[in-house]
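Student: Sharing work_30.cif here; it has mmCIF, C-alpha atoms and all ligand atoms.
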data_start
#
loop_
_atom_site.group_PDB
_atom_site.id
_atom_site.type_symbol
_atom_site.label_atom_id
_atom_site.label_comp_id
_atom_site.auth_asym_id
_atom_site.auth_seq_id
_atom_site.Cartn_x
_atom_site.Cartn_y
_atom_site.Cartn_z
ATOM 1 C CA MET A 1 -12.310 -5.772 -12.691
ATOM 2 C CA SER A 2 -15.138 -5.057 -10.275
ATOM 3 C CA PHE A 3 -15.053 -4.898 -6.493
ATOM 4 C CA LEU A 4 -18.648 -4.805 -5.294
ATOM 5 C CA ILE A 5 -19.759 -3.653 -1.873
ATOM 6 C CA ASP A 6 -23.301 -4.432 -0.760
ATOM 7 C CA ILE A 7 -24.739 -1.294 0.833
ATOM 8 C CA SER A 8 -28.336 -2.472 1.359
ATOM 9 C CA ASP A 9 -27.904 -2.131 5.159
ATOM 10 C CA VAL A 10 -27.006 1.546 4.956
ATOM 11 C CA CYS A 11 -28.614 2.950 1.805
ATOM 12 C CA ASN A 12 -31.931 3.919 3.441
ATOM 13 C CA VAL A 13 -30.658 5.432 6.686
ATOM 14 C CA THR A 14 -28.677 8.673 6.731
ATOM 15 C CA ASP A 15 -25.512 8.386 8.849
ATOM 16 C CA ALA A 16 -25.666 4.587 8.836
ATOM 17 C CA GLU A 17 -22.223 3.065 8.489
ATOM 18 C CA LYS A 18 -20.656 -0.336 8.007
ATOM 19 C CA SER A 19 -17.219 -1.711 7.452
ATOM 20 C CA PHE A 20 -16.043 -3.945 4.639
ATOM 21 C CA GLN A 21 -12.967 -5.815 3.608
ATOM 22 C CA GLY A 22 -11.932 -8.028 0.766
ATOM 23 C CA SER A 23 -9.345 -8.731 -1.863
ATOM 24 C CA LEU A 24 -9.096 -8.321 -5.581
ATOM 25 C CA SER A 25 -6.816 -10.015 -8.105
ATOM 26 C CA LEU A 26 -5.806 -7.586 -10.803
ATOM 27 C CA LYS A 27 -4.217 -8.123 -14.178
ATOM 28 C CA PRO A 28 -0.795 -6.520 -14.763
ATOM 29 C CA ILE A 29 -1.087 -2.748 -15.203
ATOM 30 C CA GLU A 30 0.040 -1.325 -18.551
ATOM 31 C CA MET A 31 2.005 1.907 -18.198
ATOM 32 C CA GLY A 32 3.199 3.096 -21.606
ATOM 33 C CA ASP A 33 5.713 0.469 -22.706
ATOM 34 C CA ARG A 34 6.023 -0.938 -19.190
ATOM 35 C CA GLN A 35 3.938 -3.675 -17.639
ATOM 36 C CA ILE A 36 3.652 -3.696 -13.853
ATOM 37 C CA ASP A 37 2.923 -7.088 -12.302
ATOM 38 C CA LEU A 38 1.002 -7.447 -9.075
ATOM 39 C CA PRO A 39 2.317 -10.651 -7.479
ATOM 40 C CA GLN A 40 -0.460 -10.832 -4.871
ATOM 41 C CA ALA A 41 -4.139 -10.022 -4.566
ATOM 42 C CA VAL A 42 -4.844 -6.428 -3.587
ATOM 43 C CA ALA A 43 -6.258 -6.082 -0.034
ATOM 44 C CA VAL A 44 -9.013 -3.490 0.429
ATOM 45 C CA ALA A 45 -10.642 -2.489 3.726
ATOM 46 C CA GLY A 46 -12.684 0.479 4.912
ATOM 47 C CA THR A 47 -16.124 1.801 5.743
ATOM 48 C CA VAL A 48 -19.178 2.881 3.776
ATOM 49 C CA ARG A 49 -21.296 5.693 5.210
ATOM 50 C CA ASN A 50 -24.604 7.112 4.092
ATOM 51 C CA VAL A 51 -24.096 10.880 3.850
ATOM 52 C CA GLY A 52 -27.591 11.747 2.566
ATOM 53 C CA ASN A 53 -26.984 12.346 -1.134
ATOM 54 C CA GLY A 54 -24.769 9.316 -1.539
ATOM 55 C CA ILE A 55 -22.393 6.825 0.025
ATOM 56 C CA LEU A 56 -18.973 7.958 1.194
ATOM 57 C CA VAL A 57 -16.434 5.159 0.943
ATOM 58 C CA SER A 58 -13.157 5.531 2.786
ATOM 59 C CA GLY A 59 -10.424 3.072 3.493
ATOM 60 C CA GLU A 60 -7.061 1.718 2.504
ATOM 61 C CA ILE A 61 -5.665 -0.361 -0.337
ATOM 62 C CA ASP A 62 -2.609 -2.526 0.327
ATOM 63 C CA VAL A 63 -0.792 -3.739 -2.725
ATOM 64 C CA LYS A 64 2.540 -5.313 -3.622
ATOM 65 C CA LEU A 65 4.090 -4.033 -6.847
ATOM 66 C CA TRP A 66 6.724 -5.896 -8.836
ATOM 67 C CA LEU A 67 8.919 -3.204 -10.358
ATOM 68 C CA GLU A 68 12.081 -2.878 -12.417
ATOM 69 C CA CYS A 69 14.707 -0.475 -11.098
ATOM 70 C CA SER A 70 15.302 2.316 -13.612
ATOM 71 C CA ARG A 71 18.988 2.529 -12.610
ATOM 72 C CA CYS A 72 20.237 -1.072 -12.284
ATOM 73 C CA LEU A 73 17.360 -2.851 -14.116
ATOM 74 C CA SER A 74 16.937 -5.470 -11.381
ATOM 75 C CA LYS A 75 13.438 -6.564 -10.375
ATOM 76 C CA TYR A 76 12.206 -5.856 -6.872
ATOM 77 C CA ASP A 77 8.914 -5.759 -5.023
ATOM 78 C CA THR A 78 7.564 -2.990 -2.887
ATOM 79 C CA ASP A 79 4.530 -2.667 -0.606
ATOM 80 C CA VAL A 80 2.304 0.329 -1.135
ATOM 81 C CA ALA A 81 -0.583 1.487 1.072
ATOM 82 C CA VAL A 82 -3.037 4.003 -0.417
ATOM 83 C CA ARG A 83 -5.677 5.818 1.639
ATOM 84 C CA PHE A 84 -8.777 6.863 -0.262
ATOM 85 C CA LYS A 85 -12.117 8.610 0.155
ATOM 86 C CA GLU A 86 -14.711 8.579 -2.636
ATOM 87 C CA LEU A 87 -18.331 9.670 -2.826
ATOM 88 C CA PHE A 88 -20.798 7.525 -4.764
ATOM 89 C CA LEU A 89 -23.963 9.492 -5.454
ATOM 90 C CA PHE A 90 -27.480 8.086 -5.306
ATOM 91 C CA GLY A 91 -29.600 7.899 -8.466
ATOM 92 C CA ASP A 92 -29.087 10.741 -10.889
ATOM 93 C CA GLU A 93 -27.006 12.847 -8.513
ATOM 94 C CA GLN A 94 -23.864 11.860 -10.315
ATOM 95 C CA LYS A 95 -20.685 13.759 -9.904
ATOM 96 C CA GLU A 96 -17.878 14.464 -12.328
ATOM 97 C CA THR A 97 -14.824 13.402 -10.340
ATOM 98 C CA GLY A 98 -12.326 14.034 -13.088
ATOM 99 C CA ARG A 99 -11.802 10.301 -13.301
ATOM 100 C CA GLU A 100 -15.282 9.038 -14.037
ATOM 101 C CA LEU A 101 -18.849 9.187 -12.798
ATOM 102 C CA LEU A 102 -19.308 7.360 -9.535
ATOM 103 C CA SER A 103 -22.788 6.334 -8.577
ATOM 104 C CA VAL A 104 -24.680 3.824 -6.484
ATOM 105 C CA LYS A 105 -26.129 1.076 -8.694
ATOM 106 C CA GLY A 106 -29.057 -0.633 -6.997
ATOM 107 C CA ASN A 107 -27.793 -1.679 -3.580
ATOM 108 C CA MET A 108 -24.223 -1.967 -4.769
ATOM 109 C CA ILE A 109 -21.230 0.202 -5.341
ATOM 110 C CA ASP A 110 -18.338 -0.907 -7.503
ATOM 111 C CA LEU A 111 -14.948 0.218 -6.239
ATOM 112 C CA GLY A 112 -13.024 -1.695 -8.934
ATOM 113 C CA SER A 113 -12.097 1.150 -11.281
ATOM 114 C CA VAL A 114 -11.249 3.439 -8.338
ATOM 115 C CA ILE A 115 -8.865 0.796 -6.979
ATOM 116 C CA GLU A 116 -7.176 0.284 -10.355
ATOM 117 C CA GLN A 117 -6.684 4.022 -10.889
ATOM 118 C CA LEU A 118 -5.354 4.589 -7.363
ATOM 119 C CA ILE A 119 -2.804 1.805 -7.801
ATOM 120 C CA ALA A 120 -1.745 3.111 -11.226
ATOM 121 C CA SER A 121 -1.191 6.571 -9.704
ATOM 122 C CA GLU A 122 1.201 5.040 -7.137
ATOM 123 C CA ILE A 123 3.525 3.513 -9.719
ATOM 124 C CA PRO A 124 6.724 5.575 -9.759
ATOM 125 C CA PHE A 125 7.820 7.042 -13.077
ATOM 126 C CA LYS A 126 11.443 6.082 -12.354
ATOM 127 C CA PRO A 127 11.401 3.187 -9.872
ATOM 128 C CA LEU A 128 14.503 2.691 -7.728
ATOM 129 C CA CYS A 129 15.288 -0.592 -5.953
ATOM 130 C CA ARG A 130 16.725 1.592 -3.172
ATOM 131 C CA SER A 131 17.284 5.331 -2.935
ATOM 132 C CA ASP A 132 21.078 4.941 -3.124
ATOM 133 C CA CYS A 133 21.077 2.359 -5.922
ATOM 134 C CA ALA A 134 24.549 2.466 -7.463
ATOM 135 C CA GLY A 135 23.260 1.439 -10.874
ATOM 136 C CA ILE A 136 25.124 -0.260 -13.664
ATOM 137 C CA CYS A 137 28.772 0.504 -14.355
ATOM 138 C CA ALA A 138 28.972 2.573 -17.529
ATOM 139 C CA VAL A 139 32.361 1.045 -18.320
ATOM 140 C CA CYS A 140 31.972 -2.704 -17.779
ATOM 141 C CA GLY A 141 28.191 -3.102 -17.483
ATOM 142 C CA ARG A 142 28.231 -4.922 -14.114
ATOM 143 C CA ASN A 143 25.649 -4.172 -11.418
ATOM 144 C CA LYS A 144 27.477 -1.959 -8.898
ATOM 145 C CA ASN A 145 25.121 -2.999 -6.047
ATOM 146 C CA LYS A 146 26.074 -6.666 -6.454
ATOM 147 C CA PHE A 147 29.716 -6.055 -7.424
ATOM 148 C CA PRO A 148 30.849 -2.859 -5.719
ATOM 149 C CA HIS A 149 33.878 -1.843 -7.748
ATOM 150 C CA ASP A 150 35.547 1.051 -9.387
ATOM 151 C CA CYS A 151 36.212 1.129 -13.105
ATOM 152 C CA GLN A 152 38.163 4.386 -12.839
ATOM 153 C CA GLU A 153 41.050 3.138 -14.929
ATOM 154 C CA GLY A 154 38.674 2.186 -17.682
ATOM 155 C CA SER A 155 36.975 5.548 -17.643
ATOM 156 C CA ILE A 156 40.315 7.361 -17.684
ATOM 157 C CA ASP A 157 41.282 5.280 -20.706
ATOM 158 C CA ILE A 158 38.086 6.329 -22.425
ATOM 159 C CA ARG A 159 38.729 9.973 -21.604
ATOM 160 C CA MET A 160 42.300 9.649 -22.847
ATOM 161 C CA ALA A 161 41.080 8.062 -26.048
ATOM 162 C CA LYS A 162 38.683 10.964 -26.590
ATOM 163 C CA LEU A 163 41.487 13.413 -25.854
ATOM 164 C CA LYS A 164 43.768 11.681 -28.354
ATOM 165 C CA ASP A 165 40.966 11.793 -30.865
ATOM 166 C CA TYR A 166 40.575 15.486 -30.238
ATOM 167 C CA PHE A 167 44.274 16.191 -30.756
ATOM 168 C CA LYS A 168 44.301 14.035 -33.839
ATOM 169 C CA LYS A 169 41.357 15.972 -35.267
ATOM 170 C CA SER A 170 42.870 19.335 -34.400
ATOM 171 C CA GLN A 171 46.154 18.319 -36.093
ATOM 172 C CA GLU A 172 44.295 17.178 -39.165
ATOM 173 C CA GLY A 173 42.248 20.381 -39.198
HETATM 174 ZN ZN ZN B 201 18.627 -0.451 -8.613
HETATM 175 ZN ZN ZN B 202 32.812 -1.550 -13.995
#
Rewrite the structure of this file - the entire thing - as structure tokens.
Ligand SMILES: [Zn+2]
Ligand SMILES: [Zn+2]
Tutor:
Amino acid sequence: MSFLIDISDVCNVTDAEKSFQGSLSLKPIEMGDRQIDLPQAVAVAGTVRNVGNGILVSGEIDVKLWLECSRCLSKYDTDVAVRFKELFLFGDEQKETGRELLSVKGNMIDLGSVIEQLIASEIPFKPLCRSDCAGICAVCGRNKNKFPHDCQEGSIDIRMAKLKDYFKKSQEG
């Protein structure tokens, strides 16, 4: 997906600067076996500045992510703001950024792949709907956030069963 910024106003004058803003609708992001949905268009705003050998783009990406909690498996959305600063080089003065070569193409720069990679890097490896998510009860399988409860008796029964098993085995052995 491309996000083009017209830099014709600034590309011939060193230190010239202009602001930009826009939005970008992205497809769901594939992360291993997970698929992260973006329920809204991504908002992008910032400035482009001619720094002599290229165009320095800085700004902020605001995105809403639709995630699945790794503890209780419920879906939730979360707002993420990502600050960025990237240099797009003029002509052949391309730079290895570790992500890919960024360069000015004609009077345009394309921020699309930068935006996608920045968003992907913000997706938590183990998302949590809230930091103190109580998760799913290991005994009865109910969501402990929605049904705060204590299955202590159940877990004691399980422990007792294991203990009985143990004694049974040690008698047999
Ligand atoms: Zn949760
Ligand atoms: Zn339970």
Student: Pick from A:Gln152, A:Val80, A:Asp37, A:Ser70: nearest to Leu118 in chain A, with all atoms listed in the file counted?
Tutor: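 Of A:Gln152, A:Val80, A:Asp37, A:Ser70, the one nearest Leu118 in chain A, counting all atoms listed in the file, is A:Val80.
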Student: Please check which protein, DNA or RNA residues sit within 7 Å of ligand ZN 202 (chain B), counting all atoms listed in the file, and write them as a list in words.
Tutor: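 Checked against 7 Å with all atoms listed in the file; the hits are Cys137, Ala138, Val139, Cys140, Gly141, Arg142, His149, Asp150 and Cys151 of chain A.
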Student: Within 12 Å of ligand ZN 201 (chain B), which residues show up when you count only C-alpha atoms and all ligand atoms? List them as a PyMOL selection string, please.
Tutor: chain A and resi 67-77+126-137+142-146
Student: What does the distance between CA of Val13 in chain A and CA of Leu111 in chain A come to in Å, to one decimal place?
Tutor: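 Here the two named atoms are 21.0 Å from each other.
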Student: Under the PyMOL selection byres (((chain A and resi 56) around 12) and not hetatm), which residues of this model are included? Write them out as a ChimeraX atom specification.
Tutor: /A:7,10-11,14-19,46-55,57-59,84-90,102-104,109,111
Student: Would you write out, as a list in words, every residue that the PyMOL selection byres (((chain A and resi 2) around 8) and not hetatm) captures in this file?
Tutor: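 This file gives the following for the PyMOL selection byres (((chain A and resi 2) around 8) and not hetatm): Met1, Phe3, Leu4, Asp110, Leu111, Gly112 and Ser113 of chain A.
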Student: Since I can't run it myself right now, could you work out what the PyMOL selection byres (((chain A and resi 22-28) around 10) and not hetatm) selects here and report it as a PDB file with C-alpha atoms, keeping the file's coordinate frame?
Tutor:
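Result saved to result28.pdb:
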ATOM      1  CA  MET A   1     -12.310  -5.772 -12.691  1.00  0.00           C
ATOM      2  CA  SER A   2     -15.138  -5.057 -10.275  1.00  0.00           C
ATOM      3  CA  PHE A   3     -15.053  -4.898  -6.493  1.00  0.00           C
ATOM      4  CA  LEU A   4     -18.648  -4.805  -5.294  1.00  0.00           C
ATOM      5  CA  ILE A   5     -19.759  -3.653  -1.873  1.00  0.00           C
ATOM      6  CA  PHE A  20     -16.043  -3.945   4.639  1.00  0.00           C
ATOM      7  CA  GLN A  21     -12.967  -5.815   3.608  1.00  0.00           C
ATOM      8  CA  ILE A  29      -1.087  -2.748 -15.203  1.00  0.00           C
ATOM      9  CA  GLU A  30       0.040  -1.325 -18.551  1.00  0.00           C
ATOM     10  CA  MET A  31       2.005   1.907 -18.198  1.00  0.00           C
ATOM     11  CA  ARG A  34       6.023  -0.938 -19.190  1.00  0.00           C
ATOM     12  CA  GLN A  35       3.938  -3.675 -17.639  1.00  0.00           C
ATOM     13  CA  ILE A  36       3.652  -3.696 -13.853  1.00  0.00           C
ATOM     14  CA  ASP A  37       2.923  -7.088 -12.302  1.00  0.00           C
ATOM     15  CA  LEU A  38       1.002  -7.447  -9.075  1.00  0.00           C
ATOM     16  CA  PRO A  39       2.317 -10.651  -7.479  1.00  0.00           C
ATOM     17  CA  GLN A  40      -0.460 -10.832  -4.871  1.00  0.00           C
ATOM     18  CA  ALA A  41      -4.139 -10.022  -4.566  1.00  0.00           C
ATOM     19  CA  VAL A  42      -4.844  -6.428  -3.587  1.00  0.00           C
ATOM     20  CA  ALA A  43      -6.258  -6.082  -0.034  1.00  0.00           C
ATOM     21  CA  VAL A  44      -9.013  -3.490   0.429  1.00  0.00           C
ATOM     22  CA  ALA A  45     -10.642  -2.489   3.726  1.00  0.00           C
ATOM     23  CA  GLY A  46     -12.684   0.479   4.912  1.00  0.00           C
ATOM     24  CA  ILE A  61      -5.665  -0.361  -0.337  1.00  0.00           C
ATOM     25  CA  ASP A  62      -2.609  -2.526   0.327  1.00  0.00           C
ATOM     26  CA  VAL A  63      -0.792  -3.739  -2.725  1.00  0.00           C
ATOM     27  CA  LEU A  65       4.090  -4.033  -6.847  1.00  0.00           C
ATOM     28  CA  TRP A  66       6.724  -5.896  -8.836  1.00  0.00           C
ATOM     29  CA  GLY A 112     -13.024  -1.695  -8.934  1.00  0.00           C
ATOM     30  CA  ILE A 115      -8.865   0.796  -6.979  1.00  0.00           C
ATOM     31  CA  GLU A 116      -7.176   0.284 -10.355  1.00  0.00           C
TER      32      GLU A 116
END
Student: Between A:Gly106, A:Pro124, A:Val114, A:Ser8, which residue has the minimum interatomic distance to Thr78 in chain A, considering all atoms listed in the file?
Tutor: A:Pro124
Student: Quote the spacing between CA of Asn107 in chain A and CA of Asp6 in chain A in Å to one decimal place.
Tutor: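 Computing the Euclidean distance for CA of Asn107 in chain A and CA of Asp6 in chain A yields 6.0 Å.
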Student: Quote the spacing between CA of Ile119 in chain A and CA of Val82 in chain A in Å to one decimal place.
Tutor: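 Between CA of Ile119 in chain A and CA of Val82 in chain A the gap is 7.7 Å.
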Student: Keeping just N, CA, C and O atoms, export range 33-45 of chain A of this structure as an mmCIF file, in the first residue's frame.
Tutor:
data_model
loop_
_atom_site.group_PDB
_atom_site.id
_atom_site.type_symbol
_atom_site.label_atom_id
_atom_site.label_comp_id
_atom_site.auth_asym_id
_atom_site.auth_seq_id
_atom_site.Cartn_x
_atom_site.Cartn_y
_atom_site.Cartn_z
ATOM 1 N N ASP A 33 0.994 -16.971 12.691
ATOM 2 C CA ASP A 33 -0.325 -17.559 12.475
ATOM 3 C C ASP A 33 -1.440 -16.623 12.926
ATOM 4 O O ASP A 33 -2.607 -16.991 12.916
ATOM 5 N N ARG A 34 -1.078 -15.409 13.323
ATOM 6 C CA ARG A 34 -2.092 -14.442 13.739
ATOM 7 C C ARG A 34 -2.385 -13.469 12.612
ATOM 8 O O ARG A 34 -1.540 -13.187 11.786
ATOM 9 N N GLN A 35 -3.594 -12.931 12.609
ATOM 10 C CA GLN A 35 -3.937 -11.875 11.677
ATOM 11 C C GLN A 35 -4.490 -10.701 12.482
ATOM 12 O O GLN A 35 -5.435 -10.852 13.251
ATOM 13 N N ILE A 36 -3.840 -9.536 12.340
ATOM 14 C CA ILE A 36 -4.232 -8.378 13.128
ATOM 15 C C ILE A 36 -5.078 -7.461 12.251
ATOM 16 O O ILE A 36 -4.611 -6.974 11.222
ATOM 17 N N ASP A 37 -6.321 -7.232 12.660
ATOM 18 C CA ASP A 37 -7.207 -6.359 11.897
ATOM 19 C C ASP A 37 -7.041 -4.914 12.340
ATOM 20 O O ASP A 37 -6.831 -4.625 13.510
ATOM 21 N N LEU A 38 -7.152 -4.025 11.368
ATOM 22 C CA LEU A 38 -7.113 -2.596 11.651
ATOM 23 C C LEU A 38 -8.518 -2.069 11.352
ATOM 24 O O LEU A 38 -8.882 -1.921 10.195
ATOM 25 N N PRO A 39 -9.316 -1.824 12.389
ATOM 26 C CA PRO A 39 -10.721 -1.470 12.158
ATOM 27 C C PRO A 39 -10.932 -0.091 11.547
ATOM 28 O O PRO A 39 -12.019 0.193 11.066
ATOM 29 N N GLN A 40 -9.921 0.755 11.568
ATOM 30 C CA GLN A 40 -10.066 2.110 11.018
ATOM 31 C C GLN A 40 -8.881 2.432 10.122
ATOM 32 O O GLN A 40 -7.840 1.805 10.212
ATOM 33 N N ALA A 41 -9.049 3.477 9.313
ATOM 34 C CA ALA A 41 -7.916 3.955 8.517
ATOM 35 C C ALA A 41 -6.836 4.479 9.452
ATOM 36 O O ALA A 41 -7.128 4.978 10.541
ATOM 37 N N VAL A 42 -5.596 4.332 9.032
ATOM 38 C CA VAL A 42 -4.454 4.809 9.802
ATOM 39 C C VAL A 42 -4.281 6.308 9.525
ATOM 40 O O VAL A 42 -4.273 6.723 8.373
ATOM 41 N N ALA A 43 -4.158 7.125 10.576
ATOM 42 C CA ALA A 43 -3.947 8.570 10.387
ATOM 43 C C ALA A 43 -2.447 8.859 10.428
ATOM 44 O O ALA A 43 -1.743 8.368 11.308
ATOM 45 N N VAL A 44 -1.973 9.640 9.484
ATOM 46 C CA VAL A 44 -0.545 9.977 9.401
ATOM 47 C C VAL A 44 -0.412 11.486 9.261
ATOM 48 O O VAL A 44 -1.119 12.102 8.446
ATOM 49 N N ALA A 45 0.459 12.101 10.059
ATOM 50 C CA ALA A 45 0.671 13.546 9.956
ATOM 51 C C ALA A 45 2.113 13.846 10.313
ATOM 52 O O ALA A 45 2.729 13.145 11.126
#
